[in-house]
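Undergrad: Supplied in structure tokens, the structure appears directly below.
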Protein chains: 2
Amino acid sequence: MVNVGDLLAGIPDASGGELFETLSASGGVRVERIITQGQATAAGEWYDQAWHEWVLLVKGEALLMIEGELEPHRLLPGQWMLLPAHCRHRVEWTLPGQNTIWLALHWPEHNRNEEGGR
Amino acid sequence: MVNVGDLLAGIPDASGGELFETLSASGGVRVERIITQGQATAAGEWYDQAWHEWVLLVKGEALLMIEGELEPHRLLPGQWMLLPAHCRHRVEWTLPGQNTIWLALHWPEHNRNEEGGR
């Protein structure tokens, strides 16, 4: 039995706060949908994660800042970033009044195998 | 320096055959864009992979068959499937005459850590 779903269906109301939902979790990799509606990382705070994250902006718009860079990255639908473990980053801004949908993949910094197949 | 890109930009012409492009590869996880234009898996062939795959249909339309199921899954934009290692599957059909864009994640069946973070 395979696990199936729709990233664009069943979108909850995120006006009260960012929403995180795990879609799949298997073999150390977690696939997550994030819904944002105008929220940003709290002032002065940075995400500093012990694992790798690959993030895709699916819908909406956001500004994502990497520590040490001069300007945030403007993310539009289809744009993605690989955030290596301990790459300090923050969400500066997301589109107010409508949903921004993110797909985020999280996986450990060190895996037993260094390469995926195919 | 972070790795950034656009899933919807720089789309090559896939009329001559399916195109596979690795976007990111880190810590055992490989993120791939696949462009299909009417192609399907060869008759009687199945993918039988030793690794897990999570696939998202980004644009276009496809029919994906899982061995042992009666009907293929119709995938529209936003729909995803987790294909565990050794889950035999085939692409029955993709939209002819225009691009179908897939995002595929590949990772080993067994990782050292069983859970991604956050």
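Naming works like this for the structure tokens: A, B, ... for the chains as they're shown, residue 1 at the start of each chain, ligands 1 onward in shown order.
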Counting only C-alpha atoms, which residues of chain A sit at most 10 Å from some atom of chain B, and what is each one's closest atom pair with its distance in Å to one decimal, listed by chain and rising residue number, as a tab-separated table?
TA:
```
residue	atom	partner	partner_atom	distance
A:Met1	CA	B:Cys87	CA	8.7
A:Val2	CA	B:Leu82	CA	6.0
A:Asn3	CA	B:Leu82	CA	5.2
A:Val4	CA	B:Met81	CA	4.4
A:Gly5	CA	B:Trp80	CA	5.4
A:Asp6	CA	B:Gln79	CA	4.1
A:Leu7	CA	B:Gly78	CA	4.8
A:Leu8	CA	B:Gly78	CA	5.4
A:Ala9	CA	B:Gly78	CA	8.0
A:Leu23	CA	B:Leu82	CA	9.3
A:Ser24	CA	B:Leu82	CA	7.2
A:Ala25	CA	B:Glu115	CA	7.5
A:Ser26	CA	B:Glu114	CA	7.5
A:Gly27	CA	B:His110	CA	5.4
A:Gly28	CA	B:Glu114	CA	4.3
A:Val29	CA	B:Gly116	CA	5.4
A:Arg30	CA	B:Gly116	CA	5.5
A:Val31	CA	B:Trp54	CA	8.6
A:Gln49	CA	B:Arg118	CA	7.8
A:Ala50	CA	B:Gly117	CA	7.4
A:Trp51	CA	B:Gly117	CA	6.3
A:His52	CA	B:Gly27	CA	8.0
A:Glu53	CA	B:Gly117	CA	9.5
A:Trp54	CA	B:Ser24	CA	8.5
A:Val55	CA	B:Val4	CA	9.5
A:Leu56	CA	B:Leu7	CA	8.6
A:Leu57	CA	B:Asp6	CA	9.5
A:Val58	CA	B:Gly78	CA	8.7
A:Ile66	CA	B:Val2	CA	8.3
A:Gly68	CA	B:Met1	CA	9.6
A:Glu69	CA	B:Met1	CA	8.9
A:His73	CA	B:Val4	CA	9.2
A:Leu75	CA	B:Asp6	CA	9.2
A:Leu76	CA	B:Asp6	CA	8.7
A:Pro77	CA	B:Leu8	CA	8.1
A:Gly78	CA	B:Leu7	CA	4.8
A:Gln79	CA	B:Asp6	CA	4.1
A:Trp80	CA	B:Gly5	CA	5.4
A:Met81	CA	B:Val4	CA	4.3
A:Leu82	CA	B:Asn3	CA	5.2
A:Leu83	CA	B:Val2	CA	6.1
A:Pro84	CA	B:Val2	CA	7.4
A:Cys87	CA	B:Val2	CA	8.2
A:Leu105	CA	B:Gly116	CA	8.7
A:His106	CA	B:Gly116	CA	5.5
A:Trp107	CA	B:Gly116	CA	4.8
A:Pro108	CA	B:Gly116	CA	5.8
A:Glu109	CA	B:Gly27	CA	5.7
A:His110	CA	B:Gly27	CA	5.4
A:Asn111	CA	B:Gly27	CA	5.5
A:Arg112	CA	B:Arg112	CA	5.4
A:Asn113	CA	B:Gly28	CA	5.6
A:Glu114	CA	B:Gly28	CA	4.3
A:Glu115	CA	B:Gly28	CA	4.4
A:Gly116	CA	B:Trp107	CA	4.8
A:Gly117	CA	B:Trp51	CA	6.3
A:Arg118	CA	B:Gln49	CA	7.8
```
Undergrad: Env of Thr94 of chain B: 8 Å cut, atoms = only C-alpha atoms, seq-sep filter 6 positions within chain, self excluded. Answer as a ChimeraX atom specification.
TA: /B:36-40,60-63,100
Undergrad: Mind the document's chain letters and residue numbers, and return as a ChimeraX atom specification the residues of chain B that DSSP labels strand (DSSP E or B).
TA: /B:3-6,19-26,29-36,47,51-59,62-66,73-75,79-83,89-94,100-108
Undergrad: One number please: atom CA of Trp46 of chain A to atom CA of Leu64 of chain A, in Å, one decimal.
TA: 10.9 Å
Undergrad: Grab the atom CA of Pro72 of chain A to atom CA of His89 of chain A distance for me, in Å with one decimal place.
TA: 9.6 Å
Undergrad: Between atom CA of Glu45 of chain A and atom CA of Leu103 of chain A, what is the distance, to one decimal in Å?
TA: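 Value for the atom CA of Glu45 of chain A-atom CA of Leu103 of chain A distance: 21.5 Å.
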Undergrad: Pick out the residues sitting within 6 Å of Arg88 of chain B, and hand them over as a PyMOL selection string; count only C-alpha atoms, and ignore anything fewer than 5 positions along from it in its own chain.
TA: chain B and resi 46-48+67
